[in-house]
Every structure is written in structure tokens, then in C-alpha cells.
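First the structure, in the form of C-alpha cells, and then the observations on it.
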Amino acid sequence: MSGKPVFRCHYRGKLNETPNETSLSACRKNAENLIRQGQLMTAGLYQYGCQLFLYYECLGEQTGPESFMGPLHPYLAPWPQKEETRDWAKMYHIYWHCEPKDEQDWKRNPKPLRRRGRIAYLKEENMFEYVYHHFAIVKEGLLRGDKYMSIALHEDVLFSYFEEPRSSVNIRRTEEGESQAIRGWMDVVPEDHFIPLPGSKGQNFLLLPELFTVGQEDFE
């Protein structure tokens, strides 16, 4: 069971119409089946208005969202992807606090109480400054944070996945050394990079309702 690499995947979709519960239930069951077959580790689908945000972890090799999200196809608007269109737009993974070594290393212990999703809108004029500083923090690898938290970007929209309870770890997996890269991010005033979203209560990120979440731990 150990030894399989873990791939973290983030996608964004746009609804043409509200999906029915049967379609959502079918997607969840497909994800459950792939988990039982050892192809996925966890999956979560979240909604903001007509936007969907999908996070999942592949085991062994990467697979597209079509492998289990097909029942939502009739409800989704196509995204342009170079010479073709797809149901799901790939989001680019730009920030994290830990990197999975393999499946055994990435197993949840204890079982998460919740698998959460949240989003933020970036100001266009500050978008690449945000990416610059966060990539610098990742490259340095010293800032401690939640093991399973990640942030991905598509257009000017950030999607963040994390789990509760949170943990504390860094990419180098060491207690030694303090992050210097975080100082650069704090110096440019983080709040100046975000467009406030209704309901965020002054926070940069807005928590989203989950349409479904499932993980290996649910079958152990």
C-alpha cells in the first residue's frame, strides 16, 4: 500500500444550471469507488454561486476529473483549453506547507473532522505580486502551517483546501530556522491584494459550502 506517489489536483467548473441530487450523489459514489480501488485518496467539491471548485488526490498516477465527475457534464459550461474545451479548468498549485512523500506518509491521523474549501478574489494589479511572494515562501520551505492546506490559482481566483483539525509542519519538515520569505509578504500588506467577498466577515478568504467530501478514512 505504501510507496504510491500522491498527486494533488485542483479544478474549477462553471454551472449552466443547478445539478440535481442524483448527479451529485453519482459523482460522490464514483469517487468512493476510486478510493476503494486505490486510485484516489480524498475528494471534495465546493460551490460559490455558479462556480464549482474541485480538489482531489490521485494515487500512483494523475487522472483527470472526468474519471469520476462525468455525471455533472450536462450541467457544466465548457472552458476553453488551448485547441479544445473541457468541463473543468485546471487550477495551478501555487502554495502549500507540506509535500507528500508517498501514500503512507500522507495518510490522515487522526481522521479529519472536516475537509474545507474557501476562495478569494485577487486584485488584478496585485495578482502576480501575490504569486511571487507565495512561491518564494514555498521555495524557502520554512514557514509552518497546515499539512494538508493548499492554494491554487485560475484567472484571478484563488481556491484553498484545508482540513480540520489543522496541523503544523513545513516543507523541510524541520523545527530549525525561521522563514525570512514571509517578511517580504507581510511588508507589501497582504490585505491590499484581495477583493472583499460578501459574507467573508473581513477575512481575505470566504469559506464555501461543500457539495460532497470523501476520503480513505471514511472506509477504515
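In the C-alpha cells, the first chain shown is A, the next is B, and so on; residue numbers restart at 1 for each chain, and ligands run from 1 in the order shown.
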Original post:
Any idea what's packed within 6 Å of segment 129-133 of chain A, counting only C-alpha atoms, ignoring anything in its chain fewer than 3 positions away? Could you give it as a PyMOL selection string?
Top reply: chain A and resi 126+136+185
Generate the output file for the selected residues, N, CA and C atoms, as a PDB file, in the first residue's frame.
ATOM      1  N   ASN A 126      -2.424  43.355  -8.451  1.00  0.00           N
ATOM      2  CA  ASN A 126      -1.543  42.785  -7.431  1.00  0.00           C
ATOM      3  C   ASN A 126      -1.433  41.267  -7.523  1.00  0.00           C
ATOM      4  N   ALA A 136       7.870  32.209  -3.315  1.00  0.00           N
ATOM      5  CA  ALA A 136       9.134  32.378  -2.576  1.00  0.00           C
ATOM      6  C   ALA A 136       9.075  31.660  -1.231  1.00  0.00           C
ATOM      7  N   TRP A 185       6.331  39.164   2.226  1.00  0.00           N
ATOM      8  CA  TRP A 185       4.879  39.157   2.017  1.00  0.00           C
ATOM      9  C   TRP A 185       4.188  40.110   2.992  1.00  0.00           C
TER      10      TRP A 185
END
**OP:** Excluding segment 6-19 of chain A and residues on its chain fewer than 6 positions from it, collect all residues at most 7 Å away from it, counting only C-alpha atoms, and give them as an MDAnalysis selection string.
**Re:** chainID A and resid 50:60 62 72 75:77 87:91 100 102:103 152
Those same residues - N, CA, C and O atoms - I'd like them written as a short mmCIF file (atom, residue, chain, number, x, y, z; two decimals), in the first residue's frame.
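Wrote selection.cif, looks like this:
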data_model
loop_
_atom_site.label_atom_id
_atom_site.label_comp_id
_atom_site.auth_asym_id
_atom_site.auth_seq_id
_atom_site.Cartn_x
_atom_site.Cartn_y
_atom_site.Cartn_z
N CYS A 50 -22.40 30.20 -9.23
CA CYS A 50 -22.40 29.25 -10.34
C CYS A 50 -21.04 28.58 -10.52
O CYS A 50 -20.83 27.83 -11.49
N GLN A 51 -20.09 28.84 -9.62
CA GLN A 51 -18.76 28.27 -9.73
C GLN A 51 -18.61 27.03 -8.84
O GLN A 51 -19.11 27.00 -7.71
N LEU A 52 -17.92 26.03 -9.37
CA LEU A 52 -17.59 24.84 -8.62
C LEU A 52 -16.07 24.75 -8.46
O LEU A 52 -15.32 25.11 -9.37
N PHE A 53 -15.65 24.25 -7.31
CA PHE A 53 -14.23 24.06 -7.05
C PHE A 53 -14.02 22.63 -6.57
O PHE A 53 -14.65 22.18 -5.61
N LEU A 54 -13.12 21.93 -7.26
CA LEU A 54 -12.90 20.51 -7.02
C LEU A 54 -11.47 20.28 -6.58
O LEU A 54 -10.52 20.73 -7.23
N TYR A 55 -11.32 19.57 -5.48
CA TYR A 55 -10.00 19.15 -5.00
C TYR A 55 -10.00 17.64 -4.85
O TYR A 55 -10.95 17.06 -4.33
N TYR A 56 -8.93 17.01 -5.32
CA TYR A 56 -8.80 15.57 -5.08
C TYR A 56 -7.34 15.17 -5.17
O TYR A 56 -6.49 15.91 -5.70
N GLU A 57 -7.05 14.00 -4.61
CA GLU A 57 -5.69 13.47 -4.59
C GLU A 57 -5.65 12.13 -5.30
O GLU A 57 -6.38 11.19 -4.94
N CYS A 58 -4.82 12.05 -6.33
CA CYS A 58 -4.64 10.81 -7.10
C CYS A 58 -3.51 9.98 -6.48
O CYS A 58 -2.54 10.53 -5.96
N LEU A 59 -3.63 8.67 -6.60
CA LEU A 59 -2.61 7.76 -6.12
C LEU A 59 -1.99 7.01 -7.30
O LEU A 59 -2.71 6.49 -8.15
N GLY A 60 -0.68 6.98 -7.35
CA GLY A 60 0.02 6.22 -8.37
C GLY A 60 0.25 6.98 -9.65
O GLY A 60 1.36 7.03 -10.16
N GLN A 62 -1.60 10.47 -12.21
CA GLN A 62 -2.60 11.52 -12.30
C GLN A 62 -3.74 11.10 -13.21
O GLN A 62 -3.52 10.44 -14.23
N LEU A 72 -21.89 15.21 -13.88
CA LEU A 72 -22.16 16.65 -13.89
C LEU A 72 -22.01 17.28 -15.27
O LEU A 72 -22.33 18.46 -15.44
N TYR A 75 -24.54 19.73 -16.84
CA TYR A 75 -24.81 20.97 -16.11
C TYR A 75 -23.67 21.99 -16.22
O TYR A 75 -23.78 23.11 -15.70
N LEU A 76 -22.59 21.62 -16.88
CA LEU A 76 -21.39 22.45 -16.88
C LEU A 76 -21.20 23.19 -18.21
O LEU A 76 -21.45 22.64 -19.28
N ALA A 77 -20.73 24.45 -18.09
CA ALA A 77 -20.34 25.21 -19.27
C ALA A 77 -18.91 24.83 -19.63
O ALA A 77 -18.08 24.62 -18.74
N ASP A 87 -14.84 20.43 -19.45
CA ASP A 87 -15.77 20.76 -18.37
C ASP A 87 -15.06 21.45 -17.21
O ASP A 87 -15.67 22.28 -16.52
N TRP A 88 -13.80 21.10 -16.99
CA TRP A 88 -13.07 21.57 -15.82
C TRP A 88 -11.80 22.30 -16.23
O TRP A 88 -11.01 21.78 -17.02
N ALA A 89 -11.61 23.49 -15.67
CA ALA A 89 -10.38 24.25 -15.90
C ALA A 89 -9.37 23.91 -14.81
O ALA A 89 -9.69 23.96 -13.62
N LYS A 90 -8.17 23.57 -15.23
CA LYS A 90 -7.11 23.24 -14.27
C LYS A 90 -6.68 24.49 -13.52
O LYS A 90 -6.41 25.53 -14.13
N MET A 91 -6.61 24.39 -12.20
CA MET A 91 -6.08 25.47 -11.38
C MET A 91 -4.62 25.15 -11.07
O MET A 91 -4.25 23.98 -10.92
N PRO A 100 3.70 15.55 -0.08
CA PRO A 100 3.57 14.11 0.24
C PRO A 100 4.74 13.30 -0.32
O PRO A 100 5.11 13.44 -1.49
N ASP A 102 4.73 9.81 -0.08
CA ASP A 102 4.02 8.69 -0.70
C ASP A 102 2.70 8.54 0.04
O ASP A 102 2.37 9.33 0.93
N GLU A 103 1.94 7.51 -0.32
CA GLU A 103 0.61 7.32 0.27
C GLU A 103 0.66 7.16 1.78
O GLU A 103 -0.13 7.76 2.51
N ALA A 152 -4.56 27.11 -4.93
CA ALA A 152 -4.40 27.04 -6.38
C ALA A 152 -5.02 28.28 -7.00
O ALA A 152 -5.93 28.90 -6.43
#
Original post:
Which of these residues is nearest to Arg36 of chain A, using only C-alpha atoms: A:Phe219, A:Phe159, A:Tyr121, A:Trp79?
Top reply: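 Looking at the shortest contact to Arg36 of chain A, the residue is A:Phe219.
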Original post:
Which residue out of A:Ile151, A:Glu178, A:Val157, A:His93 has the minimum interatomic distance to Met127 of chain A when only C-alpha atoms are used?
Top reply: A:Val157
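By chain and then residue number, the residues within 6 Å of segment 146-149 of chain A are His97, Cys98, Tyr161, Phe162, Arg166, Ser167, Ser168 and Val169 of chain A, counting only C-alpha atoms and disregarding those fewer than 6 positions away in sequence.
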Subject >> Option closest in space to Glu175 of chain A, from A:Asp192, A:Arg144, A:Pro78, A:Gly49 [counting only C-alpha atoms] >> reply: A:Arg144
**OP:** Could you please determine the separation between atom CA of Tyr95 of chain A and atom CA of Glu66 of chain A in Å, to one decimal place?
**Re:**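 We find that atom CA of Tyr95 of chain A and atom CA of Glu66 of chain A lie 24.7 Å from each other.
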Original post:
Which one of A:Asp105, A:Ala43, A:Trp96, A:Leu143 sits closest to Gly3 of chain A if you count only C-alpha atoms?
Top reply: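 Looking at the shortest contact to Gly3 of chain A, the residue is A:Asp105.
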Original post:
Within 12 Å of Ser200 of chain A, counting only C-alpha atoms, which residues qualify if same-chain residues fewer than 4 places away don't, as a ChimeraX atom specification?
Top reply: /A:118-121,194-196,204-208
Create the file for the chosen residues now, containing C-alpha atoms and written as a PDB file, in the first residue's frame.
ATOM      1  CA  ARG A 118     -12.521  28.504   0.538  1.00  0.00           C
ATOM      2  CA  ILE A 119     -11.898  31.100  -2.155  1.00  0.00           C
ATOM      3  CA  ALA A 120     -10.530  34.593  -2.578  1.00  0.00           C
ATOM      4  CA  TYR A 121     -10.566  37.110  -5.431  1.00  0.00           C
ATOM      5  CA  PHE A 194      -7.728  40.920  -2.101  1.00  0.00           C
ATOM      6  CA  ILE A 195     -11.195  41.958  -3.228  1.00  0.00           C
ATOM      7  CA  PRO A 196     -13.545  41.536  -0.230  1.00  0.00           C
ATOM      8  CA  ASN A 204      -9.396  37.505   2.855  1.00  0.00           C
ATOM      9  CA  PHE A 205     -10.854  34.065   2.106  1.00  0.00           C
ATOM     10  CA  LEU A 206     -14.522  33.019   2.117  1.00  0.00           C
ATOM     11  CA  LEU A 207     -15.443  29.543   3.370  1.00  0.00           C
ATOM     12  CA  LEU A 208     -17.604  27.595   0.903  1.00  0.00           C
TER      13      LEU A 208
END
Original post:
Using only C-alpha atoms, which of the listed residues (A:Gly199, A:Glu124, A:Glu83, A:Gly141) sits closest to Thr174 of chain A?
Top reply: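 Residue with the minimum atom-to-atom distance to Thr174 of chain A: A:Gly141.
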